[in-house]
>>> print(open('data-v7.txt').read())   # compact mmCIF, C-alpha atoms
# COMPACT_ATOMS: atom_id res chain seq x y z
CA SER A 785 -4.93 26.37 24.39
CA LEU A 786 -3.26 25.94 27.78
CA SER A 787 -1.67 22.60 26.84
CA LEU A 788 -0.37 24.05 23.59
CA SER A 789 1.16 27.01 25.40
CA LEU A 790 2.77 24.74 27.99
CA SER A 791 4.16 22.42 25.35
CA LEU A 792 5.52 25.33 23.37
CA SER A 793 7.24 26.74 26.43
CA LEU A 794 8.86 23.40 27.12
CA CYS A 795 10.01 23.01 23.53
CA LEU A 796 11.43 26.51 23.08
CA PRO A 797 15.19 26.87 23.47
CA LEU A 798 16.53 29.58 25.78
CA PRO A 799 16.31 32.99 24.08
CA LEU A 800 19.50 34.65 22.99
CA PRO A 801 20.35 37.95 24.70
CA MET A 802 19.42 40.99 22.65
CA SER A 803 20.83 44.45 22.64
CA SER A 804 18.70 47.38 23.67
CA SER A 805 18.41 48.50 20.05
CA SER A 806 17.17 45.09 18.85
CA THR A 807 14.71 44.93 21.74
CA LYS A 808 13.38 48.33 20.79
CA ALA A 809 13.06 47.28 17.13
CA SER A 810 11.24 44.11 18.13
CA THR A 811 8.83 46.10 20.24
CA GLU A 812 8.14 48.47 17.38
CA ASP A 813 7.47 45.53 15.02
CA SER A 814 4.99 44.05 17.47
CA LYS A 815 3.19 47.35 17.79
CA GLN A 816 2.90 47.54 14.02
CA GLY A 817 1.47 44.02 13.81
CA GLY A 818 4.67 42.51 12.41
CA GLY A 819 5.51 40.42 15.48
CA GLU A 820 5.30 36.62 15.29
CA ASN A 821 2.13 35.28 16.94
CA ILE A 822 1.77 32.01 18.83
CA ASP A 823 0.77 30.11 15.66
CA GLY A 824 3.93 31.24 13.92
CA VAL A 825 6.06 30.17 16.86
CA ALA A 826 4.32 26.78 16.95
CA LYS A 827 5.01 26.21 13.26
CA ARG A 828 8.69 27.02 13.74
CA ILE A 829 9.03 24.64 16.69
CA LYS A 830 7.16 21.92 14.83
CA LYS A 831 9.61 22.22 11.95
CA LEU A 832 12.76 22.40 14.07
CA TYR A 833 11.85 19.90 16.81
CA PRO A 834 9.07 17.70 15.34
CA ARG A 835 9.45 14.69 17.65
CA GLU A 836 9.65 16.85 20.78
CA TYR A 837 6.66 18.84 19.55
CA PHE A 838 4.50 15.69 19.29
CA ARG A 839 5.84 14.19 22.52
CA LYS A 840 4.99 17.24 24.63
CA HIS A 841 1.45 17.29 23.32
CA LEU A 842 0.96 13.61 24.16
CA GLU A 843 2.22 14.16 27.70
CA TYR A 844 -0.65 16.61 28.21
CA GLY A 845 -3.20 14.19 26.73
CA ILE A 846 -3.79 16.12 23.53
CA ARG A 847 -2.68 15.68 19.94
CA THR A 848 -1.32 18.36 17.65
CA ASP A 849 -4.59 18.52 15.68
CA GLY A 850 -6.60 19.09 18.87
CA ARG A 851 -7.96 15.55 19.23
CA LYS A 852 -7.75 13.40 22.34
CA PRO A 853 -5.73 10.15 22.04
CA MET A 854 -8.75 7.97 21.21
CA ASP A 855 -10.67 10.46 19.07
CA ILE A 856 -11.44 9.42 15.49
CA ARG A 857 -11.87 11.86 12.66
CA ARG A 858 -15.16 12.28 10.83
CA THR A 859 -15.88 9.40 8.45
CA ALA A 860 -17.98 9.62 5.29
CA VAL A 861 -18.73 7.22 2.45
CA SER A 862 -20.78 7.38 -0.74
CA THR A 863 -21.57 4.59 -3.19
CA ASP A 864 -22.25 4.34 -6.94
CA THR A 865 -19.75 7.11 -7.59
CA ILE A 866 -18.16 5.56 -10.72
CA LYS A 867 -20.80 4.83 -13.34
CA SER A 868 -18.52 2.72 -15.54
CA ALA A 869 -17.82 0.29 -12.68
CA ASP A 870 -19.98 -2.63 -11.56
CA GLY A 871 -19.74 -1.32 -8.01
CA SER A 872 -18.01 1.70 -6.53
CA SER A 873 -17.62 3.96 -3.55
CA VAL A 874 -15.54 6.80 -2.12
CA ALA A 875 -14.57 6.77 1.55
CA LYS A 876 -13.12 9.64 3.51
CA ILE A 877 -11.57 9.75 6.99
CA GLY A 878 -10.48 13.27 7.78
CA ASN A 879 -8.82 14.30 4.52
CA THR A 880 -7.71 10.79 3.56
CA THR A 881 -9.81 9.90 0.52
CA VAL A 882 -9.94 6.51 -1.21
CA ALA A 883 -11.97 5.66 -4.32
CA CYS A 884 -12.81 2.03 -5.05
CA GLY A 885 -14.20 0.60 -8.27
CA ILE A 886 -15.14 -3.04 -8.93
CA LYS A 887 -14.90 -4.68 -12.31
CA LEU A 888 -16.35 -8.16 -12.87
CA GLU A 889 -14.62 -10.65 -15.13
CA VAL A 890 -15.42 -14.28 -15.87
CA GLY A 891 -12.83 -16.66 -14.50
CA VAL A 892 -12.25 -20.31 -13.64
CA PRO A 893 -12.94 -21.37 -10.04
CA SER A 894 -10.31 -23.06 -7.93
CA ALA A 895 -10.38 -26.83 -7.62
CA LEU A 896 -10.92 -26.56 -3.85
CA SER A 897 -13.90 -24.17 -4.19
CA PRO A 898 -15.66 -24.99 -7.48
CA LYS A 899 -18.81 -23.08 -6.47
CA GLU A 900 -17.18 -19.88 -5.19
CA GLY A 901 -16.12 -16.73 -6.97
CA ARG A 902 -13.03 -14.73 -6.04
CA ILE A 903 -12.15 -11.25 -4.81
CA MET A 904 -8.89 -9.55 -5.79
CA VAL A 905 -7.76 -6.28 -4.18
CA ASN A 906 -5.32 -3.71 -5.52
CA LEU A 907 -4.34 -0.35 -4.02
CA THR A 908 -2.31 2.48 -5.52
CA MET A 909 -1.45 6.04 -4.52
CA ALA A 910 -2.30 8.87 -6.89
CA PRO A 911 0.78 11.04 -7.61
CA LEU A 912 -0.77 14.12 -6.02
CA SER A 913 -2.19 12.34 -2.97
CA SER A 914 0.69 13.59 -0.83
CA PRO A 915 3.92 15.58 -1.29
CA SER A 916 6.07 12.47 -0.91
CA HIS A 917 4.30 10.78 -3.81
CA SER A 918 4.09 13.81 -6.08
CA LYS A 919 7.90 13.90 -6.21
CA GLN A 920 7.86 10.53 -7.97
CA ALA A 921 5.00 11.36 -10.32
CA ILE A 922 7.39 12.05 -13.19
CA GLN A 923 8.72 8.49 -13.07
CA GLN A 924 5.39 6.67 -13.09
CA ARG A 925 1.71 7.46 -13.15
CA PHE A 926 0.57 5.72 -9.98
CA MET A 927 2.64 4.75 -6.97
CA LYS A 928 2.67 1.19 -5.66
CA ASP A 929 5.01 0.05 -2.91
CA LYS A 930 5.28 -2.50 -0.14
CA VAL A 931 3.04 -0.43 2.12
CA THR A 932 0.11 -0.30 -0.32
CA GLU A 933 0.56 -3.98 -1.18
CA SER A 934 0.45 -4.88 2.52
CA ILE A 935 -2.68 -2.77 3.04
CA ALA A 936 -4.39 -4.44 0.05
CA VAL A 937 -3.63 -7.89 1.49
CA THR A 938 -4.99 -6.86 4.91
CA VAL A 939 -8.17 -5.43 3.36
CA LEU A 940 -8.84 -8.75 1.62
CA GLU A 941 -8.03 -10.64 4.82
CA ALA A 942 -10.54 -8.55 6.79
CA ILE A 943 -13.28 -9.13 4.20
CA GLN A 944 -12.62 -12.88 4.18
CA ASN A 945 -12.38 -13.21 7.97
CA ALA A 946 -15.64 -11.34 8.41
CA HIS A 947 -17.39 -13.62 5.89
CA MET A 948 -18.79 -10.41 4.51
CA VAL A 949 -20.33 -11.92 1.38
CA ASN A 950 -21.41 -15.33 0.20
CA LEU A 951 -18.92 -16.14 -2.54
CA GLU A 952 -21.25 -18.80 -3.96
CA GLU A 953 -23.43 -15.97 -5.27
CA LEU A 954 -20.58 -15.25 -7.69
CA CYS A 955 -20.81 -18.71 -9.22
CA ILE A 956 -22.01 -18.84 -12.85
CA LYS A 957 -21.61 -22.58 -13.52
CA GLU A 958 -20.15 -24.86 -10.89
CA GLY A 959 -16.66 -26.03 -11.67
CA GLU A 960 -16.48 -24.09 -14.93
CA SER A 961 -17.03 -20.35 -14.58
CA VAL A 962 -17.38 -17.82 -11.78
CA TRP A 963 -17.25 -14.04 -11.39
CA VAL A 964 -13.93 -12.58 -10.27
CA CYS A 965 -14.32 -9.23 -8.48
CA TYR A 966 -11.37 -6.92 -9.08
CA LEU A 967 -11.37 -4.20 -6.43
CA ASP A 968 -9.15 -1.38 -7.69
CA MET A 969 -8.59 1.30 -5.08
CA VAL A 970 -6.83 4.62 -5.52
CA CYS A 971 -5.85 6.96 -2.69
CA LEU A 972 -6.73 10.44 -3.94
CA ASP A 973 -5.70 12.37 -0.83
CA TYR A 974 -3.51 11.07 1.97
CA SER A 975 -3.52 12.41 5.52
CA GLY A 976 -2.89 9.21 7.45
CA ASN A 977 -4.66 5.94 8.29
CA LEU A 978 -4.90 4.60 4.76
CA PHE A 979 -5.96 1.11 5.81
CA ASP A 980 -9.19 2.21 7.50
CA ALA A 981 -10.26 4.37 4.56
CA SER A 982 -9.40 1.58 2.09
CA LEU A 983 -11.41 -1.08 3.91
CA ILE A 984 -14.46 1.18 4.26
CA ALA A 985 -14.24 2.04 0.54
CA ALA A 986 -14.02 -1.66 -0.35
CA VAL A 987 -17.02 -2.50 1.85
CA GLY A 988 -19.06 0.29 0.27
CA ALA A 989 -18.16 -0.85 -3.24
CA LEU A 990 -19.11 -4.47 -2.51
CA LYS A 991 -22.45 -3.32 -1.12
CA SER A 992 -23.20 -1.45 -4.34
CA LEU A 993 -22.00 -4.27 -6.60
CA VAL A 994 -24.56 -5.44 -9.16
CA ILE A 995 -24.13 -8.93 -10.65
CA PRO A 996 -25.52 -9.05 -14.21
CA PRO A 997 -27.72 -11.95 -15.35
CA THR A 998 -25.94 -14.48 -17.54
CA VAL A 999 -26.57 -17.49 -19.73
CA VAL A 1000 -24.05 -20.22 -20.50
CA ALA A 1001 -23.91 -21.51 -24.08
CA ASP A 1002 -23.36 -25.18 -24.96
CA ASP A 1003 -19.70 -24.53 -25.67
CA GLY A 1004 -19.25 -23.00 -22.19
CA GLU A 1005 -19.17 -19.35 -23.28
CA VAL A 1006 -20.74 -17.00 -20.75
CA MET A 1007 -22.99 -14.35 -22.25
CA LEU A 1008 -24.93 -11.51 -20.66
CA LYS A 1009 -28.68 -11.51 -21.06
CA GLN A 1010 -31.26 -8.80 -20.71
CA GLY A 1011 -32.70 -8.04 -17.34
CA SER A 1012 -31.79 -6.34 -14.12
CA GLY A 1013 -28.89 -7.61 -12.06
CA SER A 1014 -28.80 -8.58 -8.41
CA ASN A 1015 -26.84 -7.27 -5.45
CA LEU A 1016 -24.56 -9.39 -3.32
CA THR A 1017 -26.00 -10.45 0.02
CA ILE A 1018 -24.03 -8.67 2.73
CA ILE A 1019 -23.64 -10.94 5.75
CA ARG A 1020 -21.43 -8.70 7.89
CA TYR A 1021 -19.99 -5.21 7.60
CA PRO A 1022 -16.37 -5.10 8.82
CA MET A 1023 -15.48 -1.72 10.30
CA PRO A 1024 -11.83 -0.88 11.12
CA VAL A 1025 -10.00 1.29 13.63
CA SER A 1026 -6.21 1.55 13.52
CA PHE A 1027 -3.95 2.63 16.38
CA ILE A 1028 -0.27 3.52 16.50
CA ILE A 1029 2.26 3.42 19.33
CA LEU A 1030 4.30 6.57 19.93
CA GLU A 1031 7.30 7.00 22.22
CA LYS A 1032 6.87 3.32 23.22
CA LYS A 1033 4.04 4.17 25.64
CA HIS A 1034 1.39 6.41 24.03
CA VAL A 1035 -1.36 4.84 21.91
CA VAL A 1036 -3.52 6.98 19.62
CA ALA A 1037 -6.43 6.08 17.36
CA ASP A 1038 -6.86 7.04 13.71
CA PRO A 1039 -3.34 8.45 13.25
CA SER A 1040 -2.64 11.43 11.01
CA ALA A 1041 0.13 11.38 8.42
CA GLU A 1042 2.34 13.49 10.69
CA GLU A 1043 1.87 11.10 13.60
CA GLU A 1044 2.64 8.09 11.42
CA GLN A 1045 6.12 9.47 10.78
CA PHE A 1046 7.00 8.72 14.41
CA GLN A 1047 5.09 5.47 14.90
CA GLN A 1048 6.96 2.59 16.53
CA GLY A 1049 4.15 0.08 16.21
CA ARG A 1050 0.69 -0.29 14.76
CA VAL A 1051 -2.45 -2.22 15.70
CA SER A 1052 -5.34 -2.63 13.26
CA ILE A 1053 -8.61 -3.91 14.72
CA VAL A 1054 -11.70 -4.78 12.70
CA TYR A 1055 -15.10 -5.46 14.24
CA SER A 1056 -18.36 -6.22 12.53
CA ILE A 1057 -21.38 -4.07 13.24
CA GLU A 1058 -22.78 -7.03 15.19
CA GLY A 1059 -19.77 -6.93 17.53
CA ASP A 1060 -17.77 -9.87 16.14
CA LEU A 1061 -13.98 -9.53 16.05
CA CYS A 1062 -12.88 -9.98 12.44
CA LEU A 1063 -9.22 -9.00 12.49
CA LEU A 1064 -6.51 -8.00 14.94
CA LYS A 1065 -3.13 -7.27 13.40
CA LYS A 1066 -0.04 -5.99 15.20
CA GLU A 1067 2.89 -4.51 13.28
CA GLY A 1068 6.18 -3.01 14.43
CA GLY A 1069 8.53 -3.79 17.29
CA ALA A 1070 7.04 -1.62 20.03
CA VAL A 1071 5.18 -3.47 22.78
CA ILE A 1072 1.55 -2.71 23.54
CA LEU A 1073 0.42 -3.43 27.10
CA GLN A 1074 -2.54 -5.69 27.79
CA GLN A 1075 -4.64 -2.89 29.29
CA GLN A 1076 -3.85 -0.68 26.29
CA LEU A 1077 -4.93 -3.42 23.88
CA LYS A 1078 -8.17 -3.98 25.78
CA LYS A 1079 -8.91 -0.27 25.60
CA CYS A 1080 -8.21 -0.25 21.86
CA MET A 1081 -10.53 -3.21 21.30
CA LYS A 1082 -13.29 -1.49 23.26
CA VAL A 1083 -12.88 1.71 21.24
CA ALA A 1084 -12.93 -0.26 17.96
CA ALA A 1085 -16.07 -2.22 18.89
CA THR A 1086 -17.90 0.94 19.99
CA HIS A 1087 -16.83 2.82 16.85
CA ALA A 1088 -18.09 0.02 14.57
CA LYS A 1089 -21.60 0.32 15.99
CA ALA A 1090 -21.51 4.13 15.96
CA LEU A 1091 -20.33 4.12 12.34
CA ALA A 1092 -23.22 1.90 11.30
CA LYS A 1093 -25.68 4.36 12.82
CA SER A 1094 -24.07 7.46 11.33
CA LEU A 1095 -23.57 6.07 7.81
CA SER A 1096 -26.87 5.21 6.13
CA VAL A 1097 -24.94 3.27 3.49
CA PHE A 1098 -24.29 0.52 6.03
CA ALA A 1099 -27.79 0.41 7.46
CA SER A 1100 -29.21 -3.08 7.87
CA ASP A 1101 -30.95 -4.39 4.77
>>> encode(input="data-v7.txt", output="structure tokens")
Amino acid sequence: SLSLSLSLSLCLPLPLPMSSSSTKASTEDSKQGGGENIDGVAKRIKKLYPREYFRKHLEYGIRTDGRKPMDIRRTAVSTDTIKSADGSSVAKIGNTTVACGIKLEVGVPSALSPKEGRIMVNLTMAPLSSPSHSKQAIQQRFMKDKVTESIAVTVLEAIQNAHMVNLEELCIKEGESVWVCYLDMVCLDYSGNLFDASLIAAVGALKSLVIPPTVVADDGEVMLKQGSGSNLTIIRYPMPVSFIILEKKHVVADPSAEEEQFQQGRVSIVYSIEGDLCLLKKEGGAVILQQQLKKCMKVAATHAKALAKSLSVFASD
């Protein structure tokens, strides 16, 4: 494209002078199809001058993968993908893929909420999800670090802020026993924007969750009984869009893994399908201007409604 050609020309260092013999050899190679094409040159520049490569693209209003600054990659989600789980889903944004499985266990309610069940969220990275994690695969099976822990906390915060489900439906016997939902998520393929894919996977798994019928014995033991289970009532569907700040002035939506390497700040915005703001979280030291934030919020709200229409999984019950 024109912008790519311009950015490449600005990134390229001045050519070294060549002798007449080397020029002739280069010409012969090109005639024989051995010359380096524009894609090859772009790959070299991207490797040698990565920050400059991304910066020049942003100055022309285009990203290195061809998207505009506020474009979001294709999103897909499927539910009931893990038959051994009580609820499950797989969400995909671009190539970033997250699988979520829910396992129900009987627990004791908190003293402050004797009629409410609990939701626990855990996120890990599969060793082969990205090159950086595969290097550590020999040391441990699944990778867990401060980043995944922070994302898991934010996913739970978004679900709670949205009042997505009625936790009283998880109550078995008030003050004695409730269902605890363990949401275990695994990133199978990582290409950026892990939070958005994780939240969508968690929402899909909760929608498919089936609560089995139970009976409580005289001694307080909870036992399963025959019969079909019931689904949780979904009150709101929280839909996320994350943005990152690059070069202290450019803001892009749904960042790729390559773009995240140069991020100086991050904003995660979650809207419900109904248009309610559920979460706004700013990370990093870079400042985001008021007009930029307003634009991000508008993009996030519009995307939440568009996502509900495009994904039948989140259609209104």
>>> closest_residue(input="data-v7.txt", among="A:Thr1086, A:Gln1076, A:Ser961, A:Thr998", to="Ala895 in chain A", atoms="all atoms listed in the file")
A:Ser961
>>> atom_distance(input="data-v7.txt", atom1="CA of Asp864 in chain A", atom2="CA of Ala1088 in chain A")
22.3 Å
>>> residues_around(input="data-v7.txt", residues="range 867-872 of chain A", least_positions_apart="6", cutoff="10 Å", atoms="all atoms listed in the file", output="compact mmCIF listing (two decimals) with C-alpha atoms, keeping the file's coordinate frame")
# COMPACT_ATOMS: atom_id res chain seq x y z
CA ALA A 883 -11.97 5.66 -4.32
CA CYS A 884 -12.81 2.03 -5.05
CA GLY A 885 -14.20 0.60 -8.27
CA ILE A 886 -15.14 -3.04 -8.93
CA LYS A 887 -14.90 -4.68 -12.31
CA LEU A 888 -16.35 -8.16 -12.87
CA CYS A 965 -14.32 -9.23 -8.48
CA TYR A 966 -11.37 -6.92 -9.08
CA LEU A 967 -11.37 -4.20 -6.43
CA ASP A 968 -9.15 -1.38 -7.69
CA MET A 969 -8.59 1.30 -5.08
CA ALA A 985 -14.24 2.04 0.54
CA ALA A 986 -14.02 -1.66 -0.35
CA VAL A 987 -17.02 -2.50 1.85
CA GLY A 988 -19.06 0.29 0.27
CA ALA A 989 -18.16 -0.85 -3.24
CA LEU A 990 -19.11 -4.47 -2.51
CA LYS A 991 -22.45 -3.32 -1.12
CA SER A 992 -23.20 -1.45 -4.34
CA LEU A 993 -22.00 -4.27 -6.60
CA VAL A 994 -24.56 -5.44 -9.16
CA ILE A 995 -24.13 -8.93 -10.65
CA PRO A 996 -25.52 -9.05 -14.21
CA ASN A 1015 -26.84 -7.27 -5.45
>>> residues_around(input="data-v7.txt", residues="Ala1085 in chain A", least_positions_apart="6", cutoff="9 Å", atoms="all atoms listed in the file", output="list in words")
Met1023, Pro1024, Val1025, Ile1053, Val1054, Tyr1055, Ser1056, Ile1057, Gly1059, Asp1060 and Leu1061 of chain A
>>> atom_distance(input="data-v7.txt", atom1="CA of Thr865 in chain A", atom2="CA of Glu1058 in chain A")
27.0 Å
>>> residues_around(input="data-v7.txt", residues="Ser894 in chain A", least_positions_apart="5", cutoff="12 Å", atoms="all atoms listed in the file", output="ChimeraX atom specification")
/A:899-902,955,958-964
>>> closest_residue(input="data-v7.txt", among="A:Ile903, A:Leu978, A:Ile822, A:Leu896", to="Ser934 in chain A", atoms="only C-alpha atoms")
A:Leu978
>>> residues_around(input="data-v7.txt", residues="Glu1044 in chain A", least_positions_apart="3", cutoff="12 Å", atoms="only C-alpha atoms", output="number ranges by chain")
A: 835, 838, 974-978, 1026-1031, 1035-1041, 1047-1050
>>> build_atoms(input="data-v7.txt", residues="range 1010-1021 of chain A", atoms="all heavy atoms", output="compact mmCIF listing (two decimals), keeping the file's coordinate frame")
# COMPACT_ATOMS: atom_id res chain seq x y z
N GLN A 1010 -30.49 -9.97 -21.12
CA GLN A 1010 -31.26 -8.80 -20.71
C GLN A 1010 -31.91 -9.04 -19.35
O GLN A 1010 -32.21 -10.16 -18.98
CB GLN A 1010 -32.33 -8.47 -21.76
CG GLN A 1010 -31.76 -7.99 -23.08
CD GLN A 1010 -32.87 -7.60 -24.05
OE1 GLN A 1010 -34.04 -7.88 -23.83
NE2 GLN A 1010 -32.48 -6.93 -25.14
N GLY A 1011 -32.09 -7.94 -18.65
CA GLY A 1011 -32.70 -8.04 -17.34
C GLY A 1011 -31.88 -7.29 -16.31
O GLY A 1011 -30.71 -6.95 -16.54
N SER A 1012 -32.48 -7.05 -15.19
CA SER A 1012 -31.79 -6.34 -14.12
C SER A 1012 -30.91 -7.30 -13.33
O SER A 1012 -31.24 -8.48 -13.16
CB SER A 1012 -32.80 -5.67 -13.19
OG SER A 1012 -33.68 -6.63 -12.64
N GLY A 1013 -29.81 -6.78 -12.84
CA GLY A 1013 -28.89 -7.61 -12.06
C GLY A 1013 -29.32 -7.71 -10.61
O GLY A 1013 -30.36 -7.19 -10.19
N SER A 1014 -28.50 -8.38 -9.82
CA SER A 1014 -28.80 -8.58 -8.41
C SER A 1014 -27.60 -8.15 -7.57
O SER A 1014 -26.45 -8.22 -8.01
CB SER A 1014 -29.12 -10.05 -8.12
OG SER A 1014 -28.03 -10.88 -8.49
N ASN A 1015 -27.89 -7.68 -6.37
CA ASN A 1015 -26.84 -7.27 -5.45
C ASN A 1015 -26.34 -8.47 -4.64
O ASN A 1015 -27.08 -9.43 -4.42
CB ASN A 1015 -27.34 -6.19 -4.49
CG ASN A 1015 -27.65 -4.89 -5.20
OD1 ASN A 1015 -28.80 -4.59 -5.50
ND2 ASN A 1015 -26.62 -4.12 -5.48
N LEU A 1016 -25.09 -8.38 -4.21
CA LEU A 1016 -24.56 -9.39 -3.32
C LEU A 1016 -25.26 -9.31 -1.96
O LEU A 1016 -25.59 -8.22 -1.50
CB LEU A 1016 -23.06 -9.20 -3.11
CG LEU A 1016 -22.10 -9.80 -4.14
CD1 LEU A 1016 -20.68 -9.40 -3.79
CD2 LEU A 1016 -22.23 -11.31 -4.20
N THR A 1017 -25.46 -10.43 -1.34
CA THR A 1017 -26.00 -10.45 0.02
C THR A 1017 -24.88 -10.14 1.00
O THR A 1017 -23.86 -10.85 1.05
CB THR A 1017 -26.60 -11.82 0.35
OG1 THR A 1017 -27.63 -12.13 -0.60
CG2 THR A 1017 -27.18 -11.82 1.76
N ILE A 1018 -25.04 -9.06 1.75
CA ILE A 1018 -24.03 -8.67 2.73
C ILE A 1018 -24.35 -9.35 4.06
O ILE A 1018 -25.40 -9.11 4.65
CB ILE A 1018 -23.97 -7.14 2.92
CG1 ILE A 1018 -23.76 -6.45 1.56
CG2 ILE A 1018 -22.87 -6.78 3.89
CD1 ILE A 1018 -22.48 -6.82 0.86
N ILE A 1019 -23.43 -10.21 4.50
CA ILE A 1019 -23.64 -10.94 5.75
C ILE A 1019 -23.17 -10.12 6.95
O ILE A 1019 -23.86 -10.01 7.96
CB ILE A 1019 -22.90 -12.29 5.70
CG1 ILE A 1019 -23.40 -13.12 4.51
CG2 ILE A 1019 -23.10 -13.06 7.01
CD1 ILE A 1019 -22.61 -14.38 4.26
N ARG A 1020 -21.98 -9.54 6.84
CA ARG A 1020 -21.43 -8.70 7.89
C ARG A 1020 -20.71 -7.51 7.28
O ARG A 1020 -20.15 -7.61 6.19
CB ARG A 1020 -20.44 -9.47 8.78
CG ARG A 1020 -21.06 -10.55 9.64
CD ARG A 1020 -20.02 -11.17 10.56
NE ARG A 1020 -20.56 -12.25 11.36
CZ ARG A 1020 -20.61 -13.51 10.95
NH1 ARG A 1020 -20.15 -13.82 9.75
NH2 ARG A 1020 -21.11 -14.45 11.73
N TYR A 1021 -20.72 -6.40 8.01
CA TYR A 1021 -19.99 -5.21 7.60
C TYR A 1021 -18.76 -5.05 8.50
O TYR A 1021 -18.89 -4.69 9.67
CB TYR A 1021 -20.86 -3.96 7.72
CG TYR A 1021 -21.99 -3.88 6.72
CD1 TYR A 1021 -23.28 -4.24 7.09
CD2 TYR A 1021 -21.77 -3.44 5.43
CE1 TYR A 1021 -24.34 -4.17 6.19
CE2 TYR A 1021 -22.81 -3.35 4.51
CZ TYR A 1021 -24.09 -3.72 4.90
OH TYR A 1021 -25.12 -3.65 3.99
